[in-house]
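Data file: run.cif. Format and content: mmCIF, C-alpha atoms.
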data_coords
#
loop_
_atom_site.label_atom_id
_atom_site.label_comp_id
_atom_site.auth_asym_id
_atom_site.auth_seq_id
_atom_site.Cartn_x
_atom_site.Cartn_y
_atom_site.Cartn_z
CA MET A 1 0.00 0.00 0.00
CA THR A 2 1.31 3.47 -0.82
CA TRP A 3 0.15 6.42 1.28
CA ILE A 4 0.76 9.69 -0.52
CA ALA A 5 -0.65 12.02 2.14
CA VAL A 6 -0.93 11.54 5.90
CA GLU A 7 -2.36 14.44 7.88
CA ASP A 8 -2.91 14.89 11.60
CA PRO A 9 -5.56 17.64 11.79
CA GLY A 10 -4.76 18.22 15.46
CA GLN A 11 -1.25 19.39 14.55
CA ALA A 12 -0.88 23.00 13.48
CA PRO A 13 0.11 23.67 9.85
CA GLU A 14 3.82 24.04 9.38
CA SER A 15 3.42 27.60 8.14
CA ALA A 16 2.06 28.57 11.58
CA ALA A 17 4.82 26.85 13.52
CA PRO A 18 8.34 28.11 14.34
CA PRO A 19 11.02 27.24 11.75
CA ARG A 20 12.04 23.59 12.00
CA ALA A 21 13.11 20.62 9.92
CA PRO A 22 10.49 19.64 7.30
CA ARG A 23 7.89 17.17 8.55
CA GLU A 24 8.37 13.69 7.14
CA ARG A 25 5.78 12.89 4.46
CA PRO A 26 5.17 10.00 2.12
CA ALA A 27 6.54 10.83 -1.32
CA PRO A 28 3.74 11.35 -3.89
CA ARG A 29 3.78 9.00 -6.84
CA ARG A 30 2.50 10.63 -10.01
CA ALA A 31 -0.02 8.85 -12.21
CA ALA A 32 -0.46 9.63 -15.89
CA GLY A 33 -1.29 13.33 -16.22
CA ASP A 34 -2.71 15.02 -13.13
CA VAL A 35 -5.24 12.31 -12.27
CA LEU A 36 -5.21 9.77 -9.46
CA ALA A 37 -7.47 7.25 -11.19
CA LYS A 38 -7.41 4.74 -8.33
CA GLY A 39 -7.09 5.39 -4.64
CA SER A 40 -8.61 5.72 -1.18
CA LEU A 41 -9.45 8.62 1.09
CA TYR A 42 -9.26 7.62 4.76
CA ILE A 43 -10.78 9.76 7.50
CA GLU A 44 -10.89 9.06 11.23
CA ALA A 45 -13.01 11.10 13.63
CA SER A 46 -13.89 11.04 17.31
CA LEU A 47 -17.58 11.89 17.54
CA GLY A 48 -19.42 12.78 20.73
CA ARG A 49 -22.58 11.03 21.82
CA ASP A 50 -24.37 14.38 22.02
CA ARG A 51 -23.92 15.17 18.32
CA ARG A 52 -27.23 16.50 17.04
CA LYS A 53 -26.42 18.83 14.14
CA GLU A 54 -25.21 18.24 10.63
CA GLN A 55 -21.50 18.84 10.23
CA SER A 56 -18.78 18.77 7.60
CA LEU A 57 -15.86 16.57 8.60
CA PHE A 58 -13.62 17.40 5.68
CA VAL A 59 -13.84 19.81 2.76
CA LEU A 60 -11.44 20.51 -0.08
CA HIS A 61 -12.76 23.17 -2.45
CA ARG A 62 -10.53 24.54 -5.20
CA ARG A 63 -11.59 27.16 -7.72
CA ALA A 64 -8.23 27.76 -9.38
CA GLY A 65 -7.73 25.89 -12.64
CA ILE A 66 -10.09 22.93 -12.84
CA LYS A 67 -12.77 23.35 -10.19
CA SER A 68 -12.46 20.49 -7.71
CA HIS A 69 -14.49 19.73 -4.60
CA VAL A 70 -14.29 16.85 -2.11
CA SER A 71 -16.36 16.70 1.07
CA VAL A 72 -17.52 14.30 3.74
CA GLN A 73 -20.54 15.35 5.78
CA LEU A 74 -22.52 13.81 8.63
CA GLY A 75 -26.26 14.16 8.97
CA ALA A 76 -28.04 14.47 12.31
CA ASN A 77 -29.96 11.27 11.54
CA GLY A 78 -26.85 9.13 11.03
CA THR A 79 -26.32 9.63 7.30
CA VAL A 80 -22.87 9.99 5.74
CA VAL A 81 -22.62 12.02 2.54
CA PHE A 82 -19.60 11.95 0.26
CA GLY A 83 -19.57 14.76 -2.29
CA ARG A 84 -17.28 15.07 -5.29
CA ARG A 85 -17.21 17.64 -8.09
CA LEU A 86 -14.66 17.84 -10.86
CA GLY A 87 -15.25 20.52 -13.47
CA ARG A 88 -18.91 20.10 -14.45
CA ALA A 89 -19.16 16.49 -13.30
CA ARG A 90 -20.84 15.89 -9.95
CA LEU A 91 -21.21 12.88 -7.66
CA GLN A 92 -22.99 12.46 -4.35
CA VAL A 93 -23.07 9.22 -2.34
CA VAL A 94 -25.40 8.90 0.66
CA LEU A 95 -24.90 6.07 3.13
CA ASN A 96 -27.66 5.57 5.69
CA THR A 97 -26.51 4.32 9.10
CA ASP A 98 -27.96 5.23 12.49
CA SER A 99 -26.96 7.67 15.22
CA ALA A 100 -25.21 4.97 17.29
CA GLN A 101 -22.99 4.09 14.32
CA LEU A 102 -21.66 7.66 14.32
CA GLU A 103 -20.64 7.83 17.98
CA GLY A 104 -17.14 7.37 19.34
CA VAL A 105 -14.18 6.66 17.04
CA VAL A 106 -15.42 6.30 13.45
CA ARG A 107 -13.42 5.44 10.33
CA LEU A 108 -14.65 6.46 6.89
CA THR A 109 -12.97 5.19 3.74
CA VAL A 110 -13.86 6.23 0.20
CA SER A 111 -12.20 4.09 -2.48
CA TRP A 112 -12.44 4.56 -6.23
CA ASP A 113 -11.27 2.84 -9.39
CA THR A 114 -12.23 4.89 -12.45
CA ALA A 115 -11.10 2.20 -14.92
CA ALA A 116 -13.45 -0.32 -13.30
CA ARG A 117 -16.09 2.44 -12.84
CA ARG A 118 -16.61 1.36 -9.24
CA GLY A 119 -16.38 3.09 -5.90
CA LEU A 120 -17.02 2.09 -2.29
CA LEU A 121 -17.93 4.12 0.79
CA SER A 122 -17.25 2.33 4.11
CA VAL A 123 -18.06 3.44 7.65
CA GLU A 124 -16.57 1.58 10.62
CA ASN A 125 -17.44 2.10 14.26
CA VAL A 126 -14.37 1.05 16.21
CA ALA A 127 -16.04 0.42 19.59
CA LEU A 128 -19.02 -1.44 18.16
CA GLY A 129 -16.95 -3.38 15.65
CA THR A 130 -19.48 -2.65 12.90
CA LEU A 131 -18.93 -2.01 9.20
CA VAL A 132 -21.51 -0.44 6.85
CA GLN A 133 -20.77 -0.09 3.13
CA LYS A 134 -22.24 1.25 -0.09
CA ASP A 135 -21.06 0.62 -3.64
CA PHE A 136 -21.40 3.41 -6.18
CA ALA A 137 -20.79 3.67 -9.91
CA ASP A 138 -18.69 6.01 -12.04
CA PRO A 139 -16.46 7.57 -9.35
CA LEU A 140 -14.55 10.75 -10.17
CA PRO A 141 -10.75 10.70 -9.80
CA LEU A 142 -8.75 12.92 -7.51
CA LEU A 143 -6.23 15.38 -8.90
CA HIS A 144 -2.60 15.48 -7.82
CA SER A 145 -3.02 19.22 -7.44
CA ASP A 146 -5.71 18.44 -4.84
CA ILE A 147 -3.23 16.24 -2.99
CA ALA A 148 -0.65 19.02 -3.05
CA ARG A 149 -3.17 21.39 -1.46
CA LEU A 150 -3.98 18.82 1.21
CA ASN A 151 -0.30 18.34 2.03
CA ALA A 152 0.20 22.11 2.18
CA ARG A 153 -2.89 22.66 4.35
CA GLY A 154 -4.08 25.33 1.93
CA ASP A 155 -6.88 27.79 2.65
CA ASP A 156 -9.12 25.68 0.42
CA VAL A 157 -8.88 22.73 2.85
CA SER A 158 -10.82 22.59 6.13
CA PHE A 159 -10.88 19.99 8.91
CA ALA A 160 -13.54 19.58 11.59
CA PRO A 161 -12.31 19.60 15.22
CA ALA A 162 -13.43 15.96 15.53
CA LEU A 163 -10.93 14.75 12.92
CA ARG A 164 -7.95 12.70 14.07
CA CYS A 165 -6.51 11.60 10.74
CA VAL A 166 -6.95 12.36 7.03
CA SER A 167 -4.90 10.27 4.60
CA LEU A 168 -4.76 9.41 0.92
CA SER A 169 -3.53 6.22 -0.73
CA ASP A 170 -3.01 5.37 -4.38
CA ARG A 171 -4.44 1.88 -3.77
CA LEU A 172 -7.81 0.42 -2.87
CA GLU A 173 -7.29 0.17 0.88
CA PRO A 174 -8.84 -2.70 2.86
CA VAL A 175 -11.32 -1.89 5.62
CA GLY A 176 -12.57 -3.66 8.74
CA ILE A 177 -10.31 -6.06 10.63
CA SER A 178 -6.65 -5.11 10.63
CA PRO A 179 -3.29 -6.59 11.67
CA SER A 180 -1.90 -5.17 14.91
CA PHE A 181 1.65 -6.39 15.71
CA ALA A 182 4.61 -4.20 14.73
CA ALA A 183 7.47 -5.87 12.89
CA GLY A 184 9.76 -7.75 15.22
CA THR A 185 7.04 -8.75 17.69
CA PRO A 186 8.15 -12.16 19.06
CA LEU A 187 5.59 -14.99 18.99
CA ARG A 188 6.47 -18.20 20.80
CA THR A 189 6.73 -21.34 18.69
CA PRO A 190 7.89 -24.89 19.55
CA ARG A 191 11.32 -23.75 18.35
CA GLY A 192 11.46 -20.58 20.41
CA TYR A 193 10.31 -17.00 19.80
CA ARG A 194 10.13 -15.85 16.19
CA PRO A 195 9.32 -12.42 14.74
CA VAL A 196 5.72 -12.33 13.54
CA GLU A 197 6.74 -11.30 10.02
CA ASP A 198 8.84 -14.49 9.65
CA LEU A 199 5.87 -16.83 10.17
CA CYS A 200 4.04 -18.52 7.28
CA PRO A 201 0.78 -20.46 6.92
CA GLY A 202 1.35 -24.00 8.19
CA ASP A 203 3.83 -22.91 10.87
CA THR A 204 3.05 -23.72 14.50
CA VAL A 205 2.73 -21.23 17.35
CA LEU A 206 2.16 -21.72 21.07
CA THR A 207 -0.74 -20.30 23.05
CA THR A 208 -0.37 -19.09 26.61
CA ASP A 209 -1.65 -22.44 27.90
CA GLY A 210 1.07 -24.27 25.96
CA HIS A 211 -1.08 -25.68 23.16
CA GLU A 212 0.35 -25.88 19.65
CA LYS A 213 -1.76 -24.21 16.95
CA THR A 214 -1.27 -24.19 13.21
CA VAL A 215 -1.22 -20.79 11.51
CA CYS A 216 -3.97 -20.51 8.89
CA TRP A 217 -2.97 -17.11 7.51
CA VAL A 218 -0.33 -14.45 8.03
CA GLY A 219 -0.91 -10.95 6.77
CA ALA A 220 0.35 -7.40 6.97
CA ARG A 221 -0.94 -3.94 6.22
CA GLU A 222 0.67 -0.51 6.08
CA VAL A 223 -1.50 2.16 7.70
CA PRO A 224 -1.17 5.83 8.71
CA ALA A 225 0.53 6.00 12.11
CA ARG A 226 -2.09 8.43 13.35
CA GLY A 227 -5.30 8.30 15.39
CA ARG A 228 -6.31 4.78 16.35
CA PHE A 229 -3.50 3.36 14.21
CA ARG A 230 -0.83 5.25 16.20
CA PRO A 231 1.44 2.55 17.72
CA ILE A 232 1.60 1.83 21.45
CA ARG A 233 4.51 0.37 23.39
CA LEU A 234 3.54 -2.13 26.08
CA HIS A 235 6.14 -2.06 28.84
CA ALA A 236 7.87 -5.06 30.41
CA PRO A 237 7.67 -6.57 32.97
CA TYR A 238 3.95 -5.82 33.20
CA PHE A 239 1.50 -8.55 32.11
CA GLY A 240 4.35 -11.06 32.06
CA LEU A 241 6.23 -9.36 29.24
CA LEU A 242 9.88 -10.35 28.94
CA ARG A 243 10.51 -7.31 26.73
CA ASP A 244 8.61 -4.32 25.41
CA VAL A 245 6.38 -4.87 22.38
CA VAL A 246 4.78 -2.38 19.99
CA VAL A 247 1.19 -2.93 18.91
CA ALA A 248 -1.78 -1.14 17.37
CA PRO A 249 -4.15 0.58 19.83
CA GLU A 250 -6.90 -2.00 19.25
CA GLN A 251 -4.70 -5.02 19.92
CA ARG A 252 -6.23 -6.81 22.90
CA LEU A 253 -4.26 -8.46 25.67
CA ALA A 254 -5.38 -10.69 28.51
CA LEU A 255 -5.39 -9.35 32.07
CA ARG A 256 -5.71 -11.66 35.07
CA GLY A 257 -5.55 -11.42 38.83
CA SER A 258 -7.64 -10.72 41.89
CA GLU A 259 -8.93 -7.40 40.50
CA VAL A 260 -10.29 -9.15 37.41
CA GLU A 261 -11.94 -11.88 39.46
CA TYR A 262 -13.46 -9.39 41.91
CA LEU A 263 -14.74 -6.87 39.35
CA PHE A 264 -15.88 -9.20 36.58
CA GLY A 265 -16.03 -12.73 38.00
CA GLU A 266 -13.74 -13.98 35.21
CA GLU A 267 -10.41 -15.78 35.12
CA ALA A 268 -9.21 -13.31 32.50
CA VAL A 269 -10.55 -10.45 30.38
CA LEU A 270 -9.39 -8.80 27.16
CA VAL A 271 -8.42 -5.13 27.16
CA GLU A 272 -7.39 -3.01 24.19
CA ALA A 273 -3.88 -1.57 24.41
CA HIS A 274 -5.01 2.06 24.19
CA GLU A 275 -6.92 1.65 27.45
CA LEU A 276 -3.57 1.31 29.24
CA LEU A 277 -2.05 4.59 28.03
CA ASN A 278 -0.91 7.33 30.42
CA SER A 279 0.34 4.82 32.95
CA ALA A 280 3.46 2.78 33.63
CA PHE A 281 1.89 -0.02 31.58
CA ALA A 282 2.00 1.60 28.13
CA ALA A 283 3.00 4.71 26.20
CA ALA A 284 2.52 6.12 22.71
CA GLU A 285 5.36 5.05 20.42
CA PRO A 286 7.00 7.65 18.16
CA ALA A 287 6.49 6.79 14.49
CA GLY A 288 6.84 8.19 11.02
CA PRO A 289 3.83 8.89 8.80
CA THR A 290 3.01 5.18 8.36
CA ILE A 291 3.58 1.87 10.11
CA ARG A 292 3.32 -1.73 8.96
CA TYR A 293 1.40 -4.12 11.21
CA HIS A 294 1.32 -7.93 11.04
CA GLN A 295 -1.02 -10.61 12.43
CA VAL A 296 -1.73 -14.33 12.38
CA LEU A 297 -5.03 -16.17 12.03
CA LEU A 298 -5.73 -19.48 13.78
CA ASP A 299 -8.65 -21.87 13.54
CA ARG A 300 -9.96 -20.46 16.81
CA HIS A 301 -9.49 -17.15 18.59
CA GLU A 302 -6.54 -17.75 20.95
CA LEU A 303 -4.14 -16.01 23.28
CA LEU A 304 -0.72 -16.08 21.67
CA ASP A 305 2.40 -16.14 23.80
CA VAL A 306 3.88 -12.81 22.77
CA ALA A 307 7.14 -12.17 24.61
CA GLY A 308 5.63 -13.91 27.64
CA ALA A 309 2.27 -12.10 27.67
CA GLY A 310 -1.10 -13.20 26.32
CA LEU A 311 -2.10 -11.20 23.25
CA GLU A 312 -4.93 -12.22 20.95
CA SER A 313 -4.73 -13.70 17.49
CA LEU A 314 -6.90 -12.25 14.72
CA PHE A 315 -10.64 -12.59 15.36
CA VAL A 316 -12.76 -12.90 12.21
CA GLY A 317 -16.14 -14.02 13.58
CA HIS A 318 -18.41 -15.17 10.73
CA LEU A 319 -16.71 -13.07 8.07
CA ARG A 320 -16.51 -16.08 5.72
CA ASP A 321 -20.32 -16.00 5.47
CA MET A 322 -20.24 -12.42 4.10
CA PRO A 323 -18.23 -12.72 0.86
CA ASP A 324 -19.01 -9.18 -0.34
CA VAL A 325 -17.64 -7.70 2.89
CA LEU A 326 -14.76 -10.19 3.02
CA ALA A 327 -13.59 -9.03 -0.41
CA THR A 328 -13.03 -5.49 0.94
CA THR A 329 -10.89 -6.56 3.92
CA VAL A 330 -7.24 -7.48 4.36
CA LEU A 331 -8.38 -11.10 3.87
CA GLY A 332 -9.93 -10.30 0.50
CA ASN A 333 -7.59 -12.61 -1.42
CA VAL A 334 -8.55 -15.64 0.68
CA ALA A 335 -11.37 -17.92 -0.50
CA PRO A 336 -14.26 -17.95 2.04
CA GLU A 337 -14.11 -21.74 2.39
CA GLN A 338 -10.48 -21.47 3.50
CA LEU A 339 -11.33 -19.26 6.47
CA PRO A 340 -12.41 -20.48 9.90
CA ARG A 341 -15.55 -19.39 11.73
CA HIS A 342 -14.84 -17.88 15.12
CA LYS A 343 -17.87 -18.42 17.32
CA LYS A 344 -16.59 -16.49 20.33
CA LEU A 345 -13.63 -14.68 21.85
CA ALA A 346 -11.16 -16.61 23.97
CA TYR A 347 -12.20 -14.45 26.97
CA PRO A 348 -14.73 -11.63 27.47
CA ALA A 349 -13.67 -8.26 26.03
CA LEU A 350 -14.17 -5.23 28.27
CA ARG A 351 -16.07 -2.18 27.12
CA ASP A 352 -14.39 1.20 27.48
CA TYR A 353 -15.92 2.12 30.84
CA GLU A 354 -15.14 -1.34 32.23
CA ALA A 355 -11.53 -1.05 31.10
CA VAL A 356 -11.24 2.34 32.84
CA THR A 357 -12.43 0.75 36.09
CA LEU A 358 -9.94 -2.11 35.83
CA ARG A 359 -7.08 0.22 34.93
CA ALA A 360 -7.79 2.32 38.03
CA ALA A 361 -7.82 -0.81 40.20
CA LEU A 362 -4.49 -1.98 38.79
CA LEU A 363 -2.88 1.42 39.34
CA ASN A 364 -4.03 1.43 42.96
CA ARG A 365 -2.31 -1.85 43.83
#
Spell out the structure here as structure tokens.
Amino acid sequence: MTWIAVEDPGQAPESAAPPRAPRERPAPRRAAGDVLAKGSLYIEASLGRDRRKEQSLFVLHRRAGIKSHVSVQLGANGTVVFGRRLGRARLQVVLNTDSAQLEGVVRLTVSWDTAARRGLLSVENVALGTLVQKDFADPLPLLHSDIARLNARGDDVSFAPALRCVSLSDRLEPVGISPSFAAGTPLRTPRGYRPVEDLCPGDTVLTTDGHEKTVCWVGAREVPARGRFRPIRLHAPYFGLLRDVVVAPEQRLALRGSEVEYLFGEEAVLVEAHELLNSAFAAAEPAGPTIRYHQVLLDRHELLDVAGAGLESLFVGHLRDMPDVLATTVLGNVAPEQLPRHKKLAYPALRDYEAVTLRAALLNR
């Protein structure tokens, strides 16, 4: 995957900052002429539960030269509207969701392939784990001059306060489930710890209870290192870690102990890594504009022995029964019949408010 623009709307434009070394950016790759005929626009936003009014998340509106307009808007009733104008051509795509779908951290991806005359608008709710999509025909390409304005944070580009990341890729980016181990993450195998990126389908890994499991699939994905893709370092010796590991914010790990048993009546619970930030347990990891994550898929959802701690393998649920959705994910090149069905998680996963309670209990030990 090639990301040609990665923006953090929460960071001030360089022109407004004191002189400093240029910010690292992905290098644009020019297509024929000024047209990006295939690509993806990725937007991440943190939306409050009290949102009642319509709002524009992102607008790019250029009048110089060829008139070009790109916008993503949210309706009060849960609709998502993608608008695109290029010269006299116009396109509007409306995706109907519901208000709950547009609460919390939301990812919106617009992908287009003008040669195939197909586009796709996807909306993911991170906390709910839901994905809503709409195909559309005859998408309009983006211009490289538009990308230059986005990178320069021109006056013709506006970001809503809720935005956490705006990025552009020159590929059709997958959506939904995503790998979550940084390169070099050690997974225990019968022959010792091996970096996750060195594993292949058919290899054997060990779970935290010592069982050998055969790897069904190994995959990787490059993503913007911003928002809920920004890497997190889990610190040893907490959670049994023999060394620090770097993971995606949504990577879940197993927590055990008297606090877990008292609060939830469970032997172990799963907590997302980002819930442990701002403590001795974890910290945000410095990164460039993008990061490559890896993951393994097993026949069941399991706790992998990752540097001595229990971190989850990829959970796919019943994705194999939804071939249209499967085709748009990182597993899109895998035949449905080759994928397992995951009926349940290895242990219960905590919701955000439950994780906050457990984190407080652990810090008060």
- Item | Exercise: residues within 6 Å of coordinate (3.7, 2.8, 23.6), counting all atoms listed in the file, as a PyMOL selection string | chain A and resi 232-234+282-285
- Task: Please indicate the distance in Å from CA of Glu272 (chain A) to CA of Val356 (chain A), rounded to one decimal place.
- Result: 10.9 Å
- Compare A:Arg359, A:Lys344, A:Lys213, A:Arg107 by their minimum atom-to-atom distance to Leu187 (chain A), counting only C-alpha atoms, and give me the closest one.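 For Leu187 (chain A), the nearest of the candidates is A:Lys213.
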- Query: Can you tell me how far CA of Trp3 (chain A) sits from CA of Asp170 (chain A), in Å to one decimal?
  - Reply: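 Here the two named atoms are 6.6 Å from each other.
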- Item | Picked residues, the PyMOL selection byres ((chain A and resi 111) around 8), expected as a count of residues only | 13
- Coordinates-based distance that separates CA of Arg164 (chain A) from CA of Tyr238 (chain A) (Å, one decimal):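 Computing the Euclidean distance for CA of Tyr238 (chain A) and CA of Arg164 (chain A) yields 29.2 Å.
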Applying 9 Å and all atoms listed in the file, which residues near Thr97 (chain A) remain after dropping the ones on its own chain fewer than 2 positions away? List them as a PDB file with C-alpha atoms, in the frame of the given file.
ATOM      1  CA  ASN A  77     -29.960  11.270  11.540  1.00  0.00           C
ATOM      2  CA  GLY A  78     -26.850   9.130  11.030  1.00  0.00           C
ATOM      3  CA  THR A  79     -26.320   9.630   7.300  1.00  0.00           C
ATOM      4  CA  VAL A  80     -22.870   9.990   5.740  1.00  0.00           C
ATOM      5  CA  LEU A  95     -24.900   6.070   3.130  1.00  0.00           C
ATOM      6  CA  SER A  99     -26.960   7.670  15.220  1.00  0.00           C
ATOM      7  CA  ALA A 100     -25.210   4.970  17.290  1.00  0.00           C
ATOM      8  CA  GLN A 101     -22.990   4.090  14.320  1.00  0.00           C
ATOM      9  CA  LEU A 102     -21.660   7.660  14.320  1.00  0.00           C
ATOM     10  CA  VAL A 123     -18.060   3.440   7.650  1.00  0.00           C
ATOM     11  CA  VAL A 132     -21.510  -0.440   6.850  1.00  0.00           C
TER      12      VAL A 132
END
- Task: Write out as a PyMOL selection string which residues come within 7 Å of Asn151 (chain A) when counting all atoms listed in the file, dropping same-chain ones fewer than 3 positions away.
- Result: chain A and resi 5+147-148
- Message: Once the PyMOL selection byres ((chain A and resi 200) around 8) has been evaluated on this model, what residues remain selected, and can you format them as a ChimeraX atom specification?
- Response: /A:198-199,201-203,215,217-218
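The nearest approach to Leu241 (chain A) among the residues A:Val330, A:Ala309, A:Val93, A:Ala182, with all atoms listed in the file taken into account, belongs to A:Ala309.
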- Task: Write out as a count of residues only the residues lying within 8 Å of region 337-342 of chain A, counting only C-alpha atoms and excluding same-chain residues fewer than 4 positions away.
- Result: 11
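Taking all atoms listed in the file, the non-local environment of Pro289 (chain A) within 12 Å (same-chain residues fewer than 4 positions away omitted) comprises Thr2, Trp3, Ile4, Ala5, Val6, Glu7, Asp8, Arg23, Glu24, Arg25, Pro26, Ala27, Cys165, Val166, Ser167, Leu168, Glu222, Val223, Pro224, Ala225, Arg226, Gly227, Phe229, Arg230 and Pro231 of chain A.
Candidate residues A:Arg188, A:Arg365, A:Arg88, A:Arg194 were compared for distance to Gly310 (chain A), and the nearest is A:Arg188, using only C-alpha atoms.
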- the PyMOL selection byres ((chain A and resi 67) around 6) resolved against shown file, as a ChimeraX atom specification: /A:62-63,66,68,86-87
- Which residue of A:Phe181, A:Tyr193, A:Phe58, A:Phe136 approaches Ser158 (chain A) most closely, using all atoms listed in the file: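 Closest candidate: A:Phe58.
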Repair of region 190-204 of chain A at the level of N, CA and C atoms, as a short mmCIF file (atom, residue, chain, number, x, y, z; two decimals), in the frame of the given file:
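Contents of part_33.cif, freshly written:
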data_model
loop_
_atom_site.label_atom_id
_atom_site.label_comp_id
_atom_site.auth_asym_id
_atom_site.auth_seq_id
_atom_site.Cartn_x
_atom_site.Cartn_y
_atom_site.Cartn_z
N PRO A 190 7.19 -23.75 18.95
CA PRO A 190 7.89 -24.89 19.55
C PRO A 190 9.41 -24.78 19.44
N ARG A 191 9.88 -23.91 18.55
CA ARG A 191 11.32 -23.75 18.35
C ARG A 191 11.83 -22.42 18.90
N GLY A 192 11.05 -21.84 19.80
CA GLY A 192 11.46 -20.58 20.41
C GLY A 192 10.68 -19.40 19.82
N TYR A 193 11.01 -18.21 20.27
CA TYR A 193 10.31 -17.00 19.80
C TYR A 193 10.79 -16.63 18.40
N ARG A 194 9.82 -16.27 17.55
CA ARG A 194 10.13 -15.85 16.19
C ARG A 194 9.40 -14.56 15.88
N PRO A 195 10.01 -13.65 15.12
CA PRO A 195 9.32 -12.42 14.74
C PRO A 195 8.06 -12.75 13.93
N VAL A 196 6.99 -12.03 14.18
CA VAL A 196 5.72 -12.33 13.54
C VAL A 196 5.83 -12.32 12.02
N GLU A 197 6.64 -11.42 11.48
CA GLU A 197 6.74 -11.30 10.02
C GLU A 197 7.48 -12.48 9.38
N ASP A 198 8.13 -13.33 10.19
CA ASP A 198 8.84 -14.49 9.65
C ASP A 198 7.95 -15.74 9.58
N LEU A 199 6.75 -15.67 10.16
CA LEU A 199 5.87 -16.83 10.17
C LEU A 199 5.14 -16.97 8.83
N CYS A 200 4.75 -18.21 8.52
CA CYS A 200 4.04 -18.52 7.28
C CYS A 200 2.87 -19.45 7.60
N PRO A 201 1.85 -19.48 6.73
CA PRO A 201 0.78 -20.46 6.92
C PRO A 201 1.35 -21.88 7.02
N GLY A 202 0.84 -22.65 7.97
CA GLY A 202 1.35 -24.00 8.19
C GLY A 202 2.35 -24.07 9.34
N ASP A 203 2.93 -22.93 9.72
CA ASP A 203 3.83 -22.91 10.87
C ASP A 203 3.01 -23.13 12.15
N THR A 204 3.70 -23.46 13.21
CA THR A 204 3.05 -23.72 14.50
C THR A 204 3.46 -22.67 15.52
#
